[in-house]
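Here is the structure we will look at, set down as structure tokens.
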Amino acid sequence: MRILDATWLNTEGELERGTLHAEDGRWIAAPGPTDEGETIDAKGLLVLPGLVDAHVHFREPGVTHKEGILSGSAAALAGGVTTVLEMPNTVPPCATPEALAEKRALYTQKCPLHWGLHYQATFPLAPLPGSPVASAKIYMAKSSVDEALTSDAAIDAIFAAYRRVAVHAEDETGFCSAVVAPPGQDPTRVHHLRRPVEAITKALDTLERGLRRMKPSARPRLVLCHAATREEIAWVTRLKREGFDVWAETCPHYLLLTQDDYVRIGNDLKVNPPLRTVEDREAVLAALADGVIDFISTDHAPHLPAEKAVEEGAPSGIASIECFLPLLLTLVESRKLSLRDLLRLAVTNAARCYELPHRGAIAPGNFADAVLLSSGDDLRPHHGVLTKAGVHPYLATRFGHRVESTLVAGVERYRKGAFRLGPGKEVYA
């Protein structure tokens with residue numbers, strides 16, 4: 001496979017122009033004149049490495065009226081994503097070796113991307129997965145039929161059993177279900193008040209105690225998911241300075257939206273953890289630039305409009321993966337991030353954190369995962385809404401870039417609204 005008239009960001013962070021070549025799913029140095037295979041014309045397009053989204057909810061098995069592996073993967077391809085790591089709070093949760101095997105079989109059959117699976121931590125400990133997974137995921141607020149994990153005993157057991165632990169750090173014992181809205185505010189739009197920042201700091205204190213009780217050599221890598229507050233940034237900064245193996249993830253909605261948007265719009269922007277203040281958003285953006293927050297994932301978590309329409313008890317989560325790369329490029333266009341920052345935050349660091357080799361740059365030996373982008377004013381996708389939810393918060397966003405083509409291991413899986421699906425590959429196989 002070759003891409004003609006390509007413009008891409010090289011390993012030195014500079015734009016390079018020429019022809020890109022791939023063979024057996026990997027980038028290779030330019031071969032001789034007998035080069036054969038599929039040819040793609042990239043004249044006028046920017047070629048970037050495919051994104052790594054380490055936090056998706058494709059809802060399969062069990063909740064496939066909201067999303068599925070095929071629909072979620074199609075949305076991912078349209079958003080420039082070539083590698084996904086799927087969260088475990090499906091139905092049933094991916095919390096036993098049997099559930100893991102069932103889910104792995106579904107992904108092997110259906111997913112056209114590079115893919116991996118997170119495993120749900122439980123206490124008392126369930127049998128260990130027995131095969132490599134992205135992480136053991138701790139939910140400190142209930143997110144499936146399994147109970148939330150907030151006790152020191154649970155944290156100690158999980159930290160001792162797993163080498164990489166991801167965590168949803170909101171301690172549900174700090175939630176305030178009886179809170180009321182301030183005067184003049186819609187009384188149903190209080191999600192950010194019911195899940196206050198104090199629930200986050202309480203969770204962080206528990207996690208830190210657990211890490212400090214362990215010998216440094218025995219501590220797991222800890223991944224703080226969807227960081228959105230100044231308190232989390234301060235905590236991560238302090239622990240990194242002390243040498244703890246702590247990584248931090250955030251999501252596009254915490255970079256682009258605030259709790260004021262939620263109060264104005266309502267349940268369509270109801271997420272866990274909730275959107276926070278303008279000051280929190282600015283702090284998160286600054287933490288991306290200075291390396292405190294390591295990577296950006298979507299936390300793609302679709303729900304149907306009818307489910308979101310109920311005033312009380314609407315589910316939390318939003319869809320966004322189908323516009324992931326164009327969304328991130330709005331931050332480059334507004335000079336909040338550089339193009340090199342974007343690749344570090346949306347490809348390289350997530351791959352490093354979860355030990356996914358041969359990603360992060362268009363260079364010989366790496367997977368030939370690529371996204372071809374056009375640029376312009378007010379570009380719209382080539383397709384309608386792809387998630388089964390049928391809606392996402394960015395339908396009215398004016399994009400300066402559009403995904404024209406997405407390649408996975410040298411195979412063009414998406415082109416201008418059309419898909420060529422086929423088997424992908426598990427990243428830990």
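Order determines the names: the first chain of the structure tokens is A, the second B, and so forth; residues in each chain are numbered 1 upward, and ligands are numbered 1 upward as they are shown.
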Set the distance at 8 Å and use only C-alpha atoms: which residues neighbour segment 405-409 of chain A once local chain neighbours fewer than 3 positions away are removed? I'd like the list as a compact mmCIF listing (two decimals) with C-alpha atoms, in the first residue's frame.
# COMPACT_ATOMS: atom_id res chain seq x y z
CA ASP A 24 2.03 -6.35 6.05
CA GLY A 25 0.31 -3.71 8.15
CA ARG A 26 3.46 -1.70 9.01
CA GLY A 50 -4.52 6.87 14.01
CA LEU A 77 -13.12 5.09 12.31
CA ALA A 78 -15.03 8.20 11.26
CA GLY A 80 -9.88 9.02 13.31
CA VAL A 81 -9.56 6.30 15.96
CA THR A 82 -7.73 3.08 15.10
CA LEU A 113 -9.91 -1.95 14.92
CA HIS A 114 -6.96 -2.71 17.12
CA PHE A 367 1.54 0.01 12.53
CA ALA A 368 0.28 1.68 9.37
CA ASP A 369 -2.61 3.31 11.21
CA ALA A 370 -3.40 6.67 9.66
CA VAL A 371 -6.03 9.36 9.27
CA LEU A 372 -6.24 11.58 6.19
CA LEU A 373 -7.73 15.00 6.91
CA GLU A 412 -8.47 1.61 4.33
CA ARG A 413 -11.43 0.94 6.63
CA TYR A 414 -13.20 4.28 6.15
CA ARG A 415 -13.43 6.62 3.18
CA LYS A 416 -15.79 9.59 2.88
Distance query Arg189 of chain A at most 8 Å, only C-alpha atoms, self and fewer than 4 positions along chain excluded, as number ranges by chain: A: 181, 185, 262-263, 266-267
Using only C-alpha atoms, what table do you get, as a tab-separated table, when you list each residue of segment 305-390 of chain A with an atom no more than 12 Å from segment 278-285 of chain A, its nearest pair of atoms, and their distance in Å rounded to one decimal, rows by chain then rising number?
residue	atom	partner	partner_atom	distance
A:Leu328	CA	A:Leu285	CA	11.8
A:Leu331	CA	A:Leu285	CA	9.5
A:Val332	CA	A:Leu285	CA	11.9
A:Arg335	CA	A:Leu285	CA	11.3
A:Lys336	CA	A:Leu285	CA	7.5
A:Leu337	CA	A:Leu285	CA	8.6
A:Asp341	CA	A:Leu285	CA	11.4
A:Leu342	CA	A:Leu285	CA	11.9
A:Leu345	CA	A:Leu285	CA	11.6
Applying 10 Å and only C-alpha atoms, which residues near Gly174 of chain A remain after dropping the ones on its own chain fewer than 2 positions away? List them as a PyMOL selection string. chain A and resi 141+170-172+176-177+194-203
Can you write just those residues out, C-alpha atoms, as a tab-separated table (two decimals), in the first residue's frame?
chain	number	residue	atom	x	y	z
A	141	ALA	CA	-19.13	4.91	42.48
A	170	GLU	CA	-15.57	9.57	42.86
A	171	ASP	CA	-16.32	8.10	46.30
A	172	GLU	CA	-20.08	7.57	46.28
A	176	CYS	CA	-25.41	14.44	48.23
A	177	SER	CA	-28.67	13.06	46.84
A	194	ARG	CA	-25.09	15.88	43.91
A	195	ARG	CA	-21.61	14.63	43.01
A	196	PRO	CA	-19.45	17.36	44.57
A	197	VAL	CA	-15.70	17.74	44.24
A	198	GLU	CA	-15.42	16.53	47.85
A	199	ALA	CA	-16.37	13.04	46.62
A	200	ILE	CA	-13.34	13.16	44.33
A	201	THR	CA	-10.91	14.33	47.00
A	202	LYS	CA	-12.22	11.63	49.33
A	203	ALA	CA	-11.51	9.01	46.66
Rounded to one decimal in Å, what is the spacing between atom CA of Trp247 of chain A and atom CA of Ile293 of chain A?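 Atom CA of Ile293 of chain A lies 7.1 Å from atom CA of Trp247 of chain A.
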Smallest atom-to-atom distance to Ala227 of chain A: which of A:Asn366, A:Thr206, A:Asn89, A:Thr250, using only C-alpha atoms?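 Closest candidate: A:Thr250.
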Please give the complete set of residues from segment 42-96 of chain A that DSSP, run on the backbone, assigns to helix (DSSP H, G or I), formatted as a ChimeraX atom specification. /A:69-78
Please identify which residues in segment 32-240 of chain A DSSP calls strand (DSSP E or B) from the backbone, and express them as JSON, numbers by chain. {"A": [39, 40, 41, 46, 47, 48, 49, 51, 52, 53, 54, 55, 56, 81, 82, 83, 84, 85, 86, 114, 115, 116, 117, 119, 120, 136, 137, 138, 139, 164, 165, 166, 167, 168, 221, 222, 223, 224]}
Hey, which of A:Pro326, A:Pro92, A:Gly291, A:Pro216 ends up closest to Phe399 of chain A? Count only C-alpha atoms.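 With only C-alpha atoms as the atom set, the closest residue is A:Pro326.
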Counting only C-alpha atoms, which of A:Gly400, A:Gly424, A:Pro315, A:Pro220 gets nearest to Gly376 of chain A?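 Using only C-alpha atoms, Gly376 of chain A sits closest to A:Gly400.
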In terms of only C-alpha atoms, the residue from A:Leu269, A:Met1, A:Ala289, A:Val47 at minimal distance from Glu16 of chain A is A:Val47
Give me, as a VMD selection string, all polymer residues having an atom no more than 12 Å from Ile69 of chain A, counting only C-alpha atoms and skipping those fewer than 2 positions away in the same chain. chain A and resid 56 to 67 71 to 76 84 to 86 90 103 to 113 115 387 to 388 421 423 to 424
Please produce a file of those selected residues containing C-alpha atoms, as a short mmCIF file (atom, residue, chain, number, x, y, z; two decimals), in the first residue's frame.
data_model
loop_
_atom_site.label_atom_id
_atom_site.label_comp_id
_atom_site.auth_asym_id
_atom_site.auth_seq_id
_atom_site.Cartn_x
_atom_site.Cartn_y
_atom_site.Cartn_z
CA VAL A 56 -14.83 3.64 25.34
CA HIS A 57 -18.18 2.09 26.19
CA PHE A 58 -19.44 0.16 23.16
CA ARG A 59 -22.19 -1.41 25.33
CA GLU A 60 -21.77 -4.98 24.09
CA PRO A 61 -22.74 -7.39 25.48
CA GLY A 62 -26.03 -6.51 27.10
CA VAL A 63 -27.01 -2.96 26.17
CA THR A 64 -26.80 -3.02 22.39
CA HIS A 65 -29.82 -0.78 21.83
CA LYS A 66 -27.48 2.09 22.86
CA GLU A 67 -24.38 0.99 20.92
CA SER A 71 -21.62 0.73 15.35
CA GLY A 72 -19.08 1.96 17.89
CA SER A 73 -16.19 0.87 15.69
CA ALA A 74 -17.68 2.62 12.66
CA ALA A 75 -18.04 5.80 14.70
CA ALA A 76 -14.43 5.40 15.86
CA VAL A 84 -9.76 1.29 21.35
CA LEU A 85 -9.70 -0.05 24.90
CA GLU A 86 -13.22 -0.98 26.06
CA THR A 90 -21.31 -4.01 30.36
CA LYS A 103 -16.46 -10.42 25.41
CA ARG A 104 -13.15 -11.28 23.76
CA ALA A 105 -14.98 -13.65 21.41
CA LEU A 106 -17.42 -10.90 20.42
CA TYR A 107 -14.63 -8.44 19.69
CA THR A 108 -12.62 -11.02 17.76
CA GLN A 109 -15.66 -11.60 15.55
CA LYS A 110 -16.84 -8.01 15.11
CA CYS A 111 -14.24 -5.31 15.77
CA PRO A 112 -12.32 -3.95 12.74
CA LEU A 113 -9.91 -1.95 14.92
CA TRP A 115 -8.73 -3.42 20.41
CA THR A 387 -23.68 6.15 17.11
CA LYS A 388 -26.88 4.24 17.84
CA LEU A 421 -15.10 -3.54 7.76
CA PRO A 423 -11.43 -8.40 11.44
CA GLY A 424 -9.09 -6.30 13.54
#
Using only C-alpha atoms, pick whichever of A:Ala309, A:Cys323, A:Leu356, A:Ala234 has the shortest atom-to-atom distance to Arg380 of chain A. A:Cys323
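Pairwise distance (atom CA of Ala95 of chain A, atom CA of Ala160 of chain A) equals 17.0 Å.
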